[in-house]
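Pasted below: final-v4.txt, compact mmCIF, C-alpha atoms.
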# COMPACT_ATOMS: atom_id res chain seq x y z
CA MET A 1 57.99 -17.70 25.11
CA THR A 2 54.35 -18.42 25.39
CA ILE A 3 54.08 -16.99 28.89
CA PRO A 4 54.01 -13.28 27.86
CA ASN A 5 51.41 -14.04 25.18
CA THR A 6 49.23 -15.83 27.71
CA ARG A 7 49.42 -12.88 30.07
CA ILE A 8 48.39 -10.48 27.31
CA ILE A 9 45.42 -12.65 26.43
CA ALA A 10 44.41 -12.99 30.08
CA ILE A 11 44.62 -9.22 30.59
CA ALA A 12 42.55 -8.62 27.47
CA VAL A 13 39.85 -11.06 28.60
CA LEU A 14 39.68 -9.54 32.09
CA SER A 15 39.53 -5.99 30.69
CA SER A 16 36.72 -6.79 28.29
CA THR A 17 34.77 -8.56 31.06
CA ALA A 18 35.15 -5.51 33.29
CA LEU A 19 34.01 -3.20 30.49
CA LEU A 20 30.95 -5.33 29.74
CA GLY A 21 30.06 -5.42 33.42
CA ALA A 22 30.12 -1.64 33.54
CA CYS A 23 27.61 -1.48 30.66
CA ALA A 24 25.03 -3.73 32.32
CA LYS A 25 21.52 -2.31 32.59
CA LYS A 26 20.22 -1.39 35.99
CA ALA A 27 16.76 -2.39 37.07
CA PRO A 28 14.27 0.49 37.07
CA GLU A 29 13.46 1.99 40.43
CA GLU A 30 9.74 1.65 39.81
CA LEU A 31 8.01 -0.88 37.56
CA PRO A 32 5.20 0.23 35.27
CA PRO A 33 1.68 -0.68 36.37
CA THR A 34 0.27 -3.97 35.16
CA PRO A 35 -2.28 -3.67 32.36
CA GLN A 36 -5.87 -3.69 33.49
CA ALA A 37 -8.43 -5.86 31.75
CA THR A 38 -11.11 -3.75 30.09
CA ALA A 39 -14.61 -4.92 29.51
CA THR A 40 -15.62 -5.10 25.90
CA PRO A 41 -18.93 -3.40 25.21
CA THR A 42 -21.68 -5.65 24.03
CA THR A 43 -24.36 -4.46 21.70
CA SER A 44 -27.80 -5.85 21.40
CA GLY A 45 -29.03 -5.29 17.91
CA PRO A 46 -27.52 -4.81 14.50
CA SER A 47 -23.95 -3.65 14.13
CA THR A 48 -23.42 -0.06 13.08
CA ALA A 49 -20.00 -0.82 11.60
CA PRO A 50 -19.92 -0.40 7.85
CA SER A 51 -19.91 -3.60 5.90
CA GLY A 52 -18.82 -4.29 2.37
CA PRO A 53 -15.90 -2.90 0.42
CA GLY A 54 -13.83 -0.05 1.85
CA VAL A 55 -14.11 3.53 0.65
CA GLY A 56 -11.87 4.23 -2.32
CA THR A 57 -11.98 0.71 -3.71
CA GLN A 58 -13.47 -0.42 -7.00
CA GLY A 59 -16.00 -2.51 -5.10
CA HIS A 60 -17.18 0.50 -3.08
CA PHE A 61 -17.42 2.60 -6.24
CA GLU A 62 -19.45 -0.06 -8.07
CA GLN A 63 -21.67 -0.57 -5.03
CA ALA A 64 -22.36 3.17 -4.88
CA VAL A 65 -22.90 3.88 -8.58
CA GLY A 66 -24.15 0.47 -9.75
CA SER A 67 -24.28 0.01 -13.49
CA ASN A 68 -23.45 3.70 -13.90
CA ALA A 69 -19.72 2.87 -13.72
CA VAL A 70 -19.86 2.27 -17.48
CA VAL A 71 -21.28 4.40 -20.29
CA TYR A 72 -22.08 2.94 -23.71
CA PHE A 73 -21.79 4.46 -27.17
CA ASP A 74 -23.34 4.00 -30.57
CA THR A 75 -21.30 2.68 -33.48
CA ASP A 76 -18.45 5.03 -34.42
CA ARG A 77 -19.65 7.61 -31.87
CA PHE A 78 -18.15 9.22 -28.79
CA ASN A 79 -20.82 11.77 -27.90
CA ILE A 80 -22.46 11.80 -24.46
CA ASP A 81 -26.21 11.21 -24.77
CA SER A 82 -28.81 11.67 -22.01
CA THR A 83 -28.34 8.13 -20.65
CA ASP A 84 -24.57 8.61 -20.51
CA ALA A 85 -25.03 12.02 -18.87
CA ALA A 86 -27.16 10.49 -16.10
CA ALA A 87 -24.53 7.78 -15.46
CA LEU A 88 -21.72 10.32 -15.37
CA GLN A 89 -23.72 12.56 -13.01
CA THR A 90 -23.97 9.60 -10.61
CA GLN A 91 -20.20 9.12 -10.87
CA ALA A 92 -19.67 12.84 -10.26
CA GLN A 93 -21.78 12.68 -7.09
CA TYR A 94 -19.63 9.82 -5.80
CA LEU A 95 -16.38 11.60 -6.70
CA GLY A 96 -17.68 14.78 -5.08
CA GLN A 97 -18.42 12.91 -1.87
CA TYR A 98 -15.08 11.06 -1.80
CA SER A 99 -12.50 13.65 -2.81
CA GLN A 100 -9.56 11.32 -2.18
CA VAL A 101 -10.69 8.93 -4.94
CA THR A 102 -9.08 9.13 -8.38
CA ILE A 103 -10.20 7.18 -11.41
CA THR A 104 -9.06 6.06 -14.81
CA ILE A 105 -11.59 6.05 -17.61
CA GLU A 106 -10.92 3.18 -20.00
CA GLY A 107 -12.09 3.71 -23.57
CA HIS A 108 -13.11 0.63 -25.56
CA ALA A 109 -14.40 -0.23 -29.01
CA ASP A 110 -15.95 -3.28 -30.64
CA GLU A 111 -13.95 -5.66 -32.82
CA ARG A 112 -14.81 -4.04 -36.13
CA GLY A 113 -12.30 -1.65 -37.69
CA THR A 114 -8.53 -1.49 -37.59
CA ARG A 115 -6.56 -1.52 -34.38
CA GLU A 116 -5.43 2.08 -34.93
CA TYR A 117 -8.96 3.32 -35.59
CA ASN A 118 -10.34 1.58 -32.51
CA VAL A 119 -7.57 2.86 -30.21
CA ALA A 120 -8.28 6.41 -31.43
CA LEU A 121 -12.03 5.91 -30.98
CA GLY A 122 -11.54 4.49 -27.48
CA GLU A 123 -9.42 7.51 -26.60
CA ARG A 124 -12.13 9.90 -27.82
CA ARG A 125 -14.73 8.00 -25.77
CA ALA A 126 -12.63 8.11 -22.59
CA ASN A 127 -11.86 11.82 -23.07
CA SER A 128 -15.51 12.57 -23.76
CA ALA A 129 -16.50 10.99 -20.44
CA LYS A 130 -13.65 12.76 -18.64
CA ASN A 131 -14.59 16.14 -20.09
CA TYR A 132 -18.18 15.67 -18.98
CA LEU A 133 -17.10 14.85 -15.42
CA VAL A 134 -14.81 17.90 -15.41
CA SER A 135 -17.74 20.04 -16.60
CA LEU A 136 -19.62 18.80 -13.51
CA GLY A 137 -16.87 20.12 -11.22
CA ILE A 138 -14.56 17.11 -10.79
CA ALA A 139 -10.90 18.16 -10.92
CA ALA A 140 -9.22 17.02 -14.14
CA ASN A 141 -6.13 15.84 -12.23
CA ARG A 142 -8.29 13.19 -10.50
CA ILE A 143 -9.21 11.57 -13.82
CA SER A 144 -6.82 9.85 -16.20
CA THR A 145 -7.74 8.15 -19.45
CA VAL A 146 -6.51 5.16 -21.39
CA SER A 147 -7.70 3.52 -24.59
CA TYR A 148 -7.71 -0.21 -25.12
CA GLY A 149 -9.48 -0.08 -28.47
CA LYS A 150 -10.79 -3.54 -29.23
CA GLU A 151 -8.17 -5.35 -27.13
CA ARG A 152 -10.27 -5.91 -23.95
CA PRO A 153 -13.79 -6.95 -24.88
CA VAL A 154 -16.28 -7.76 -22.12
CA ALA A 155 -18.51 -9.70 -24.48
CA LEU A 156 -17.10 -12.24 -26.87
CA GLY A 157 -18.95 -12.68 -30.10
CA SER A 158 -19.37 -11.18 -33.52
CA ASN A 159 -22.92 -9.94 -33.24
CA ALA A 160 -24.77 -6.71 -32.51
CA GLN A 161 -25.32 -7.54 -28.83
CA ALA A 162 -21.61 -8.20 -28.14
CA TRP A 163 -20.54 -5.13 -30.12
CA ALA A 164 -22.94 -2.90 -28.13
CA GLN A 165 -21.48 -4.13 -24.82
CA ASN A 166 -17.91 -3.50 -26.00
CA ARG A 167 -18.44 0.10 -27.16
CA ARG A 168 -17.93 1.69 -23.76
CA ALA A 169 -16.04 3.94 -21.38
CA ALA A 170 -15.53 2.24 -18.01
CA SER A 171 -14.50 4.14 -14.87
CA VAL A 172 -12.02 2.32 -12.65
CA VAL A 173 -10.82 3.46 -9.21
CA ILE A 174 -7.01 3.65 -9.11
CA ASN A 175 -6.20 4.45 -5.47
Whole structure given in structure tokens:
Amino acid sequence: MTIPNTRIIAIAVLSSTALLGACAKKAPEELPPTPQATATPTTSGPSTAPSGPGVGTQGHFEQAVGSNAVVYFDTDRFNIDSTDAAALQTQAQYLGQYSQVTITIEGHADERGTREYNVALGERRANSAKNYLVSLGIAANRISTVSYGKERPVALGSNAQAWAQNRRAASVVIN
């Protein structure tokens, strides 16, 4: 008795075809206008578009503040001297101008001393820089700190010059 099954299948196919035909899209009554070609303006002279790194990037920050992105400390010290204060004032001017920028201040130490001592010293250096920026009117919630101690030196070597370069607090843009 394959005949009744064939009829059921045929009815099902015809019904589904009719249903799909009823769902077909109709052409719109009016087509949208065709896009018009626009002339691109030409400029004679230098471009006024900003060049270089975008605002809120580390590159833009370093371009704006230069070498003032890092402050250096004496051996076993974390106090802000007049040179450090000038660098941090430059950073504060940048942060005041670009209120969407947040930074992390990384505290570092040279290779001498224990790991624990240097992590604690790096933390004091980072917090010292942060506190100075906050005293200049930068919101504390825009500045985080981290200490790397002696784990991330910028200068390799066991001499006074390398040690001086590694005793630092570096400001890094995080957004």
If you measure from atom CA of Gly56 of chain A to atom CA of Ala164 of chain A, what distance in Å do you get, rounded to one decimal?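 If I compute the distance from atom CA of Gly56 of chain A to atom CA of Ala164 of chain A, I get 29.0 Å.
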For Ala140 of chain A, list every protein, DNA or RNA residue within 9 Å, evaluated using only C-alpha atoms, and leave out those in the same chain fewer than 4 positions away; present the list as a list in words.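 After dropping sequence-adjacent residues, the list is Lys130, Asn131, Leu133, Val134 and Ser144 of chain A.
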Tell me, in Å to one decimal, how far atom CA of Ala126 of chain A is from atom CA of Leu88 of chain A. 11.8 Å
Taking (-12.5, -7.4, -30.2) in the file's coordinates as the center, which residues reach within 10 Å of it, counting all atoms listed in the file, put as a CSV table (one decimal) with C-alpha atoms, keeping the file's coordinate frame?
chain,number,residue,atom,x,y,z
A,108,HIS,CA,-13.1,0.6,-25.6
A,109,ALA,CA,-14.4,-0.2,-29.0
A,110,ASP,CA,-16.0,-3.3,-30.6
A,111,GLU,CA,-14.0,-5.7,-32.8
A,112,ARG,CA,-14.8,-4.0,-36.1
A,113,GLY,CA,-12.3,-1.6,-37.7
A,115,ARG,CA,-6.6,-1.5,-34.4
A,118,ASN,CA,-10.3,1.6,-32.5
A,149,GLY,CA,-9.5,-0.1,-28.5
A,150,LYS,CA,-10.8,-3.5,-29.2
A,151,GLU,CA,-8.2,-5.4,-27.1
A,152,ARG,CA,-10.3,-5.9,-24.0
A,153,PRO,CA,-13.8,-7.0,-24.9
A,154,VAL,CA,-16.3,-7.8,-22.1
A,155,ALA,CA,-18.5,-9.7,-24.5
A,156,LEU,CA,-17.1,-12.2,-26.9
A,157,GLY,CA,-19.0,-12.7,-30.1
A,158,SER,CA,-19.4,-11.2,-33.5
A,162,ALA,CA,-21.6,-8.2,-28.1
A,163,TRP,CA,-20.5,-5.1,-30.1
A,166,ASN,CA,-17.9,-3.5,-26.0
Report, in Å with one decimal, the straight-line distance from atom CA of Ile103 of chain A to atom CA of Thr75 of chain A. 25.1 Å
For segment 139-173 of chain A, supply N, CA and C atoms and format the output as an mmCIF file, in the coordinates of the input.
data_model
loop_
_atom_site.group_PDB
_atom_site.id
_atom_site.type_symbol
_atom_site.label_atom_id
_atom_site.label_comp_id
_atom_site.auth_asym_id
_atom_site.auth_seq_id
_atom_site.Cartn_x
_atom_site.Cartn_y
_atom_site.Cartn_z
ATOM 1 N N ALA A 139 -12.217 17.674 -10.501
ATOM 2 C CA ALA A 139 -10.900 18.160 -10.920
ATOM 3 C C ALA A 139 -10.296 17.225 -11.971
ATOM 4 N N ALA A 140 -9.782 17.807 -13.035
ATOM 5 C CA ALA A 140 -9.220 17.020 -14.140
ATOM 6 C C ALA A 140 -8.042 16.168 -13.696
ATOM 7 N N ASN A 141 -7.294 16.615 -12.679
ATOM 8 C CA ASN A 141 -6.130 15.840 -12.230
ATOM 9 C C ASN A 141 -6.528 14.579 -11.453
ATOM 10 N N ARG A 142 -7.806 14.409 -11.161
ATOM 11 C CA ARG A 142 -8.290 13.190 -10.500
ATOM 12 C C ARG A 142 -8.754 12.141 -11.501
ATOM 13 N N ILE A 143 -8.709 12.479 -12.790
ATOM 14 C CA ILE A 143 -9.210 11.570 -13.820
ATOM 15 C C ILE A 143 -8.144 11.379 -14.884
ATOM 16 N N SER A 144 -7.729 10.153 -15.084
ATOM 17 C CA SER A 144 -6.820 9.850 -16.200
ATOM 18 C C SER A 144 -7.595 9.004 -17.205
ATOM 19 N N THR A 145 -7.075 8.931 -18.415
ATOM 20 C CA THR A 145 -7.740 8.150 -19.450
ATOM 21 C C THR A 145 -6.753 7.200 -20.103
ATOM 22 N N VAL A 146 -7.292 6.123 -20.634
ATOM 23 C CA VAL A 146 -6.510 5.160 -21.390
ATOM 24 C C VAL A 146 -7.449 4.530 -22.420
ATOM 25 N N SER A 147 -6.906 4.180 -23.574
ATOM 26 C CA SER A 147 -7.700 3.520 -24.590
ATOM 27 C C SER A 147 -7.167 2.119 -24.839
ATOM 28 N N TYR A 148 -8.074 1.162 -24.809
ATOM 29 C CA TYR A 148 -7.710 -0.210 -25.120
ATOM 30 C C TYR A 148 -8.231 -0.630 -26.494
ATOM 31 N N GLY A 149 -8.950 0.269 -27.155
ATOM 32 C CA GLY A 149 -9.480 -0.080 -28.470
ATOM 33 C C GLY A 149 -10.333 -1.321 -28.379
ATOM 34 N N LYS A 150 -10.025 -2.295 -29.228
ATOM 35 C CA LYS A 150 -10.790 -3.540 -29.230
ATOM 36 C C LYS A 150 -10.078 -4.663 -28.477
ATOM 37 N N GLU A 151 -9.021 -4.341 -27.754
ATOM 38 C CA GLU A 151 -8.170 -5.350 -27.130
ATOM 39 C C GLU A 151 -8.739 -5.991 -25.866
ATOM 40 N N ARG A 152 -9.714 -5.377 -25.198
ATOM 41 C CA ARG A 152 -10.270 -5.910 -23.950
ATOM 42 C C ARG A 152 -11.786 -5.973 -24.007
ATOM 43 N N PRO A 153 -12.323 -6.859 -24.808
ATOM 44 C CA PRO A 153 -13.790 -6.950 -24.880
ATOM 45 C C PRO A 153 -14.378 -7.560 -23.609
ATOM 46 N N VAL A 154 -15.575 -7.129 -23.226
ATOM 47 C CA VAL A 154 -16.280 -7.760 -22.120
ATOM 48 C C VAL A 154 -17.237 -8.833 -22.619
ATOM 49 N N ALA A 155 -17.616 -8.714 -23.868
ATOM 50 C CA ALA A 155 -18.510 -9.700 -24.480
ATOM 51 C C ALA A 155 -17.821 -10.274 -25.709
ATOM 52 N N LEU A 156 -17.691 -11.576 -25.712
ATOM 53 C CA LEU A 156 -17.100 -12.240 -26.870
ATOM 54 C C LEU A 156 -18.213 -12.593 -27.839
ATOM 55 N N GLY A 157 -17.950 -12.387 -29.087
ATOM 56 C CA GLY A 157 -18.950 -12.680 -30.100
ATOM 57 C C GLY A 157 -18.887 -11.660 -31.211
ATOM 58 N N SER A 158 -19.341 -12.072 -32.357
ATOM 59 C CA SER A 158 -19.370 -11.180 -33.520
ATOM 60 C C SER A 158 -20.814 -10.932 -33.894
ATOM 61 N N ASN A 159 -21.511 -10.269 -32.990
ATOM 62 C CA ASN A 159 -22.920 -9.940 -33.240
ATOM 63 C C ASN A 159 -23.233 -8.589 -32.618
ATOM 64 N N ALA A 160 -24.397 -8.057 -32.941
ATOM 65 C CA ALA A 160 -24.770 -6.710 -32.510
ATOM 66 C C ALA A 160 -24.797 -6.573 -30.989
ATOM 67 N N GLN A 161 -25.244 -7.601 -30.284
ATOM 68 C CA GLN A 161 -25.320 -7.540 -28.830
ATOM 69 C C GLN A 161 -23.918 -7.431 -28.206
ATOM 70 N N ALA A 162 -22.984 -8.244 -28.665
ATOM 71 C CA ALA A 162 -21.610 -8.200 -28.140
ATOM 72 C C ALA A 162 -20.960 -6.865 -28.493
ATOM 73 N N TRP A 163 -21.148 -6.400 -29.705
ATOM 74 C CA TRP A 163 -20.540 -5.130 -30.120
ATOM 75 C C TRP A 163 -21.051 -3.981 -29.248
ATOM 76 N N ALA A 164 -22.353 -3.978 -28.947
ATOM 77 C CA ALA A 164 -22.940 -2.900 -28.130
ATOM 78 C C ALA A 164 -22.340 -2.885 -26.729
ATOM 79 N N GLN A 165 -22.062 -4.058 -26.163
ATOM 80 C CA GLN A 165 -21.480 -4.130 -24.820
ATOM 81 C C GLN A 165 -20.018 -3.689 -24.807
ATOM 82 N N ASN A 166 -19.333 -3.832 -25.937
ATOM 83 C CA ASN A 166 -17.910 -3.500 -26.000
ATOM 84 C C ASN A 166 -17.632 -2.047 -26.346
ATOM 85 N N ARG A 167 -18.607 -1.329 -26.864
ATOM 86 C CA ARG A 167 -18.440 0.100 -27.160
ATOM 87 C C ARG A 167 -18.727 0.889 -25.897
ATOM 88 N N ARG A 168 -17.689 1.147 -25.098
ATOM 89 C CA ARG A 168 -17.930 1.690 -23.760
ATOM 90 C C ARG A 168 -16.761 2.526 -23.246
ATOM 91 N N ALA A 169 -17.058 3.251 -22.180
ATOM 92 C CA ALA A 169 -16.040 3.940 -21.380
ATOM 93 C C ALA A 169 -16.309 3.517 -19.938
ATOM 94 N N ALA A 170 -15.361 2.787 -19.361
ATOM 95 C CA ALA A 170 -15.530 2.240 -18.010
ATOM 96 C C ALA A 170 -14.657 3.017 -17.025
ATOM 97 N N SER A 171 -15.239 3.419 -15.914
ATOM 98 C CA SER A 171 -14.500 4.140 -14.870
ATOM 99 C C SER A 171 -13.982 3.148 -13.856
ATOM 100 N N VAL A 172 -12.685 3.242 -13.554
ATOM 101 C CA VAL A 172 -12.020 2.320 -12.650
ATOM 102 C C VAL A 172 -11.277 3.124 -11.585
ATOM 103 N N VAL A 173 -11.496 2.790 -10.318
ATOM 104 C CA VAL A 173 -10.820 3.460 -9.210
ATOM 105 C C VAL A 173 -9.363 3.029 -9.198
#
